[in-house]
Amino acid sequence: MNTWSLRGLAVLLMLFASATRAESPAALPDNSVYHLDGEWLTQDSKPVSLASLAGKQQVISLIYTHCMHSCPTIVSAMQQIERKLPEKVLANTGFVLVSLTPNSDTPAALKEFAEKRELSPARWTLLTGDPQKVRALAMALNVRYKRSEDNEVAHSNVFTLIDAEGRVVFQETGDMAKVDGAVKRIGGDN
Amino acid sequence: MPTNRTDRRHAVTFLALLLALPGVGNSQDVSSGSARDDMRLIEGGQYRPLYLSKDSPLETVERFYLDRYPVTNQDFLAFVKQHPQWSRTSIPGIFADSQYLKHWPADERIADHVADSPVTHVSWFAADAYCAAQGKRLPKTAEWERAAMASESRADGSSETGYKERILMWYSKPSPAQLPRVGQGTANYWGVHDLHGLIWEWTEDFNASMVTGESRGDSAIDTKLFCAAGASGAVDPGDYAAFMRYGFRSSLKADFALPSLGFRCAADADAMQQEKQP
C-alpha cells in the first residue's frame with residue numbers, strides 16, 4: 001500500500017470515527033433525557049430509541065389512551081399549540097405521547113387513538129415500551145404517576161418541552177389557559 | 001403419666017419455637033421457586049396506604065420476592081465493573097447528582113471495610129439499572145411497606161408492643177459515619193433483614209404518593225399527607241414512622257444520591273401477575 005492510500009484510509013477512518021461519535025450518547029449534553037436507553041415501539045410498530053427524537057425540539061407528555069379525565073385535556077392543549085405555532089417553528093418541532101399503560105396501549109391502540117384524535121403522523125410520535133423504561137422516563141421528566149387496580153393512572157397533568165438535544169426547557173400543566181403562554185415560549189426558543 | 005406430660009410439654013415448646021420461626025416455612029417456598037436464594041417470598045395481602053382515610057380503597061399487593069439484604073458496596077462495585085457507564089465519572093448528570101458514589105475512593109474501587117455495608121450515595125436511576133441488570137426491579141412502595149410491616153414474629157407487627165417505638169428510635173438517631181454490615185440484626189417474619197434501622201431505601205414509585213387519587217385536574221400535592229387534619233383521618237395515626245417514610249420519599253428526586261439512602265431489589269413471584277389487561 002502506498003503512502004497516499006494509507007493517508008486516504010486514515011482520513012476515512014477519522015471521518016467514520018467522528019460520525020459515530022456524533023451519534024453516540026457521549027456526545028449528548030450531560031442533562032439530556034436521550035441518555036435513557038431502551039427500545040420503544042411507535043404507533044406504526046417501528047422500533048425506535050428515545051435518542052431518535054433528537055434533532056427537533058419535542059413537546060412530550062405521558063398519557064394513556066383510555067384515560068377519561070386529564071389526558072384529553074393534555075392532548076387538546078398540545079394540538080392547540082400545534083395549531084398556533086408559526087410554520088417555521090413547526091418545521092423544527094415534534095409532538096410525542098408516551099403511554100403510561102404500555103401493556104394495554106399496543107401500537108395498534110396508539111394508532112387508533114392518533115387517528116381518532118386526528119394527530120398528524122408527520123409530527124406526532126406515540127410510543128409504548130417496557131414499564132420500567134416508562135418509569136425511568138417519567139423520573140427524568142419529573143412526572144409522577146400511580147396506577148390503580150382498574151388500570152387507570154393518576155398522573156401529573158403536564159407536558160414538557162425538550163430541546164433538540166434532549167434537555168428540558170420548560171414544563172407546563174395541560175390546561176387550555178396555558179396554551180398561549182406555551183406557544184410564545186416554544187416559538188421564542190427558535 | 002408423667003412421661004406423657006413431659007412429652008406434651010416438649011411438643012408444645014417445639015411448636016411454639018416453630019411458630020416463632022416462621023422463616024423456616026417460608027424458605028421452602030423460595031427453594032421451590034427459581035434460583036432466588038438471595039430473596040424471600042413475601043405473601044400478598046391487602047394494604048391501605050396510610051395517608052388515605054379509612055373509607056379509601058385498599059391496595060392489593062400481589063406476592064413478590066424481595067432481596068434479603070440491602071445491596072452492598074461490594075455488590076454495586078461488581079455492577080459498575082460490568083456496566084462502566086454507571087461509574088462516578090461516566091454517569092450523565094441527568095441520572096445522578098454530584099454526590100453519586102462519593103464515598104468510593106475511585107471509579108471502580110471501594111474501601112475494604114465498607115464492602116458489606118449497604119451502598120448509599122446512589123440515585124434512583126442507578127438503583128433501577130442495578131436491579132434491571134440482575135433481572136429484578138425496584139420494589140413498589142406498597143410492596144416495601146408490606147414487607148416492612150412485619151416484626152420478627154408476625155407479618156403485621158403493628159399491634160406488637162414496642163414495635164413502632166423501636167423503629168422510631170432508629171429514626172431519632174443520626175446515621176453513623178460508617179454504616180454497619182448488612183444482616184447483623186434478626187430477620188423479620190419473612191426472613192428479610194435491615195428494612196429498619198440501617199438505611200432508607202429507594203422504591204420504584206417513591207414519588208407517587210404525591211399524586212391525588214383522581215387523574216382529573218392537576219395532580220396537586222396531597223395535602224392530607226402533611227397537615228394535622230390528614231393525620232387524624234389516616235388509618236393509623238400512631239404509625240408516625242410510616243408518615244416519616246412517606247414524607248421523606250416525597251421529598252426525593254430521582255437523581256439524588258444521599259448518604260443514608262440505599263436500596264434492595266424485588267421480583268414478581270408470578271409472571272402472570274404482572275400488569276392486568278383492562
# chains A, B, ... in the order shown; residues from 1 in each chain; ligands from 1
call {"tool": "select_by_dssp", "arguments": {"residues": "region 49-166 of chain A", "states": "helix (DSSP H, G or I)", "output": "number ranges by chain"}}
result
A: 50-53, 70-84, 87-90, 107-116, 131-140
call {"tool": "select_by_dssp", "arguments": {"residues": "region 2-178 of chain A", "states": "strand (DSSP E)", "output": "PyMOL selection string"}}
result
chain A and resi 40-42+47-48+57-63+93-99+124-129+145-147+153-155+158-162+168-173
call {"tool": "write_last_selection", "arguments": {"atoms": "N, CA and C atoms", "output": "short mmCIF file (atom, residue, chain, number, x, y, z; two decimals), in the first residue's frame"}}
result
data_model
loop_
_atom_site.label_atom_id
_atom_site.label_comp_id
_atom_site.auth_asym_id
_atom_site.auth_seq_id
_atom_site.Cartn_x
_atom_site.Cartn_y
_atom_site.Cartn_z
N TRP A 40 -38.39 1.37 22.09
CA TRP A 40 -39.80 1.70 22.14
C TRP A 40 -40.44 1.34 20.81
N LEU A 41 -41.76 1.22 20.82
CA LEU A 41 -42.49 0.98 19.57
C LEU A 41 -43.37 2.19 19.28
N THR A 42 -43.38 2.64 18.02
CA THR A 42 -44.24 3.75 17.64
C THR A 42 -45.63 3.23 17.29
N PRO A 47 -39.61 0.05 15.76
CA PRO A 47 -38.77 0.14 16.95
C PRO A 47 -37.87 1.38 16.89
N VAL A 48 -37.89 2.17 17.94
CA VAL A 48 -37.06 3.37 17.99
C VAL A 48 -36.46 3.53 19.39
N GLN A 57 -36.92 20.02 18.44
CA GLN A 57 -37.47 20.13 19.79
C GLN A 57 -38.77 19.33 19.84
N GLN A 58 -39.07 18.79 21.02
CA GLN A 58 -40.23 17.92 21.15
C GLN A 58 -41.12 18.38 22.30
N VAL A 59 -42.41 18.42 22.06
CA VAL A 59 -43.37 18.62 23.14
C VAL A 59 -43.83 17.23 23.54
N ILE A 60 -43.53 16.85 24.77
CA ILE A 60 -43.74 15.45 25.15
C ILE A 60 -44.65 15.35 26.38
N SER A 61 -45.51 14.34 26.37
CA SER A 61 -46.38 14.12 27.52
C SER A 61 -46.60 12.63 27.74
N LEU A 62 -46.80 12.26 29.00
CA LEU A 62 -47.08 10.86 29.32
C LEU A 62 -48.58 10.73 29.58
N ILE A 63 -49.21 9.87 28.82
CA ILE A 63 -50.67 9.73 28.88
C ILE A 63 -51.04 8.26 28.76
N THR A 93 -40.34 21.19 15.15
CA THR A 93 -40.99 20.76 16.39
C THR A 93 -41.76 19.46 16.19
N GLY A 94 -41.59 18.55 17.12
CA GLY A 94 -42.37 17.32 17.09
C GLY A 94 -43.23 17.22 18.35
N PHE A 95 -44.20 16.32 18.32
CA PHE A 95 -45.09 16.09 19.45
C PHE A 95 -45.05 14.61 19.80
N VAL A 96 -44.84 14.33 21.08
CA VAL A 96 -44.65 12.94 21.50
C VAL A 96 -45.61 12.59 22.63
N LEU A 97 -46.31 11.48 22.50
CA LEU A 97 -47.14 10.95 23.58
C LEU A 97 -46.59 9.59 23.97
N VAL A 98 -46.28 9.43 25.26
CA VAL A 98 -45.74 8.17 25.74
C VAL A 98 -46.79 7.52 26.64
N SER A 99 -47.04 6.24 26.42
CA SER A 99 -48.10 5.56 27.17
C SER A 99 -47.68 5.20 28.59
N TRP A 124 -46.56 13.80 14.91
CA TRP A 124 -46.84 13.15 16.20
C TRP A 124 -46.25 11.75 16.27
N THR A 125 -45.51 11.50 17.36
CA THR A 125 -44.99 10.16 17.62
C THR A 125 -45.64 9.64 18.89
N LEU A 126 -46.26 8.49 18.80
CA LEU A 126 -46.83 7.85 20.00
C LEU A 126 -45.98 6.64 20.34
N LEU A 127 -45.59 6.52 21.61
CA LEU A 127 -44.64 5.48 21.98
C LEU A 127 -45.18 4.57 23.08
N THR A 128 -44.88 3.30 22.95
CA THR A 128 -45.16 2.34 24.02
C THR A 128 -43.89 1.53 24.26
N GLY A 129 -43.64 1.18 25.51
CA GLY A 129 -42.39 0.48 25.81
C GLY A 129 -42.46 -0.27 27.12
N TYR A 145 -46.71 9.38 38.67
CA TYR A 145 -47.93 8.65 38.35
C TYR A 145 -48.06 7.41 39.22
N LYS A 146 -49.28 6.97 39.35
CA LYS A 146 -49.57 5.78 40.14
C LYS A 146 -50.72 5.06 39.50
N ARG A 147 -50.50 3.80 39.17
CA ARG A 147 -51.55 3.00 38.54
C ARG A 147 -52.45 2.41 39.60
N VAL A 153 -54.75 5.52 35.73
CA VAL A 153 -53.49 6.05 36.25
C VAL A 153 -53.68 7.49 36.71
N ALA A 154 -53.39 7.73 37.97
CA ALA A 154 -53.33 9.12 38.44
C ALA A 154 -51.96 9.64 38.04
N HIS A 155 -51.92 10.75 37.35
CA HIS A 155 -50.61 11.22 36.88
C HIS A 155 -50.54 12.73 36.78
N VAL A 158 -49.11 17.26 32.88
CA VAL A 158 -48.15 18.23 32.33
C VAL A 158 -47.66 17.80 30.95
N PHE A 159 -47.18 18.78 30.20
CA PHE A 159 -46.37 18.48 29.03
C PHE A 159 -45.04 19.19 29.19
N THR A 160 -44.03 18.68 28.53
CA THR A 160 -42.67 19.20 28.70
C THR A 160 -42.09 19.53 27.34
N LEU A 161 -41.42 20.66 27.24
CA LEU A 161 -40.68 20.95 26.00
C LEU A 161 -39.23 20.54 26.22
N ILE A 162 -38.74 19.67 25.34
CA ILE A 162 -37.31 19.34 25.39
C ILE A 162 -36.66 19.81 24.10
N VAL A 168 -34.52 19.45 29.08
CA VAL A 168 -35.82 20.02 29.43
C VAL A 168 -35.74 21.54 29.40
N VAL A 169 -36.64 22.16 28.63
CA VAL A 169 -36.66 23.62 28.53
C VAL A 169 -37.69 24.18 29.52
N PHE A 170 -38.89 23.67 29.46
CA PHE A 170 -39.88 24.04 30.47
C PHE A 170 -40.99 23.01 30.51
N GLN A 171 -41.79 23.13 31.57
CA GLN A 171 -42.88 22.19 31.79
C GLN A 171 -44.13 23.01 32.12
N GLU A 172 -45.27 22.58 31.62
CA GLU A 172 -46.50 23.34 31.84
C GLU A 172 -47.65 22.38 32.07
N THR A 173 -48.64 22.83 32.86
CA THR A 173 -49.81 21.98 33.07
C THR A 173 -50.64 21.93 31.78
#
call {"tool": "interface_residues", "arguments": {"of": "chain A", "to": "chain B", "cutoff": "8 Å", "atoms": "only C-alpha atoms", "output": "number ranges by chain"}}
result
A: 30-33, 35, 69-70, 103-104, 132, 135-136, 139-140, 142, 144-146, 149-151, 153-158, 173
call {"tool": "write_last_selection", "arguments": {"atoms": "C-alpha atoms", "output": "mmCIF file, in the first residue's frame"}}
result
data_model
loop_
_atom_site.group_PDB
_atom_site.id
_atom_site.type_symbol
_atom_site.label_atom_id
_atom_site.label_comp_id
_atom_site.auth_asym_id
_atom_site.auth_seq_id
_atom_site.Cartn_x
_atom_site.Cartn_y
_atom_site.Cartn_z
ATOM 1 C CA ASP A 30 -24.974 15.876 30.492
ATOM 2 C CA ASN A 31 -28.618 16.609 31.310
ATOM 3 C CA SER A 32 -30.204 15.141 28.185
ATOM 4 C CA VAL A 33 -33.102 12.718 28.608
ATOM 5 C CA HIS A 35 -29.233 9.199 27.754
ATOM 6 C CA HIS A 69 -60.079 12.795 32.561
ATOM 7 C CA SER A 70 -56.847 14.708 32.207
ATOM 8 C CA ASN A 103 -49.358 -3.356 28.321
ATOM 9 C CA SER A 104 -52.768 -2.264 27.068
ATOM 10 C CA GLN A 132 -39.578 0.023 33.761
ATOM 11 C CA ARG A 135 -40.983 4.866 34.853
ATOM 12 C CA ALA A 136 -37.382 5.954 34.180
ATOM 13 C CA MET A 139 -38.479 10.196 36.603
ATOM 14 C CA ALA A 140 -36.259 12.088 34.165
ATOM 15 C CA ASN A 142 -40.254 14.621 36.959
ATOM 16 C CA ARG A 144 -45.430 11.410 38.879
ATOM 17 C CA TYR A 145 -47.933 8.649 38.352
ATOM 18 C CA LYS A 146 -49.565 5.785 40.144
ATOM 19 C CA GLU A 149 -56.038 -1.717 40.098
ATOM 20 C CA ASP A 150 -58.568 -0.861 37.389
ATOM 21 C CA ASN A 151 -55.699 0.149 35.027
ATOM 22 C CA VAL A 153 -53.493 6.047 36.251
ATOM 23 C CA ALA A 154 -53.328 9.119 38.440
ATOM 24 C CA HIS A 155 -50.610 11.217 36.881
ATOM 25 C CA SER A 156 -49.074 14.660 36.631
ATOM 26 C CA ASN A 157 -51.087 16.634 34.124
ATOM 27 C CA VAL A 158 -48.150 18.226 32.333
ATOM 28 C CA THR A 173 -49.809 21.978 33.071
#
call {"tool": "atom_distance", "arguments": {"atom1": "CA of Trp202 (chain B)", "atom2": "CA of Glu160 (chain B)"}}
result
26.3 Å
call {"tool": "residues_around", "arguments": {"residues": "Asp107 (chain B)", "least_positions_apart": "2", "cutoff": "7 Å", "atoms": "only C-alpha atoms", "output": "short mmCIF file (atom, residue, chain, number, x, y, z; two decimals) with C-alpha atoms, in the first residue's frame"}}
result
data_model
loop_
_atom_site.label_atom_id
_atom_site.label_comp_id
_atom_site.auth_asym_id
_atom_site.auth_seq_id
_atom_site.Cartn_x
_atom_site.Cartn_y
_atom_site.Cartn_z
CA SER B 87 -19.28 4.73 37.21
CA ARG B 88 -18.87 8.01 39.05
CA THR B 89 -17.09 9.75 36.19
CA ARG B 109 -12.60 0.84 43.99
#
call {"tool": "residues_around", "arguments": {"residues": "Lys88 (chain A)", "least_positions_apart": "3", "cutoff": "10 Å", "atoms": "only C-alpha atoms", "output": "VMD selection string"}}
result
chain A and resid 85 91 to 93 187 190
call {"tool": "write_last_selection", "arguments": {"atoms": "C-alpha atoms", "output": "compact mmCIF listing (two decimals), in the first residue's frame"}}
result
# COMPACT_ATOMS: atom_id res chain seq x y z
CA LEU A 85 -47.20 27.76 16.25
CA ALA A 91 -40.87 22.57 10.93
CA ASN A 92 -38.49 22.09 13.82
CA THR A 93 -40.99 20.76 16.39
CA GLY A 187 -41.60 29.86 19.42
CA ASN A 190 -36.03 29.25 17.87
call {"tool": "closest_residue", "arguments": {"among": "A:Pro86, A:Pro72, A:Gly38, A:Gly55", "to": "Ile186 (chain A)", "atoms": "only C-alpha atoms"}}
result
A:Pro86
call {"tool": "atom_distance", "arguments": {"atom1": "CA of Ala111 (chain B)", "atom2": "CA of Arg181 (chain B)"}}
result
13.2 Å
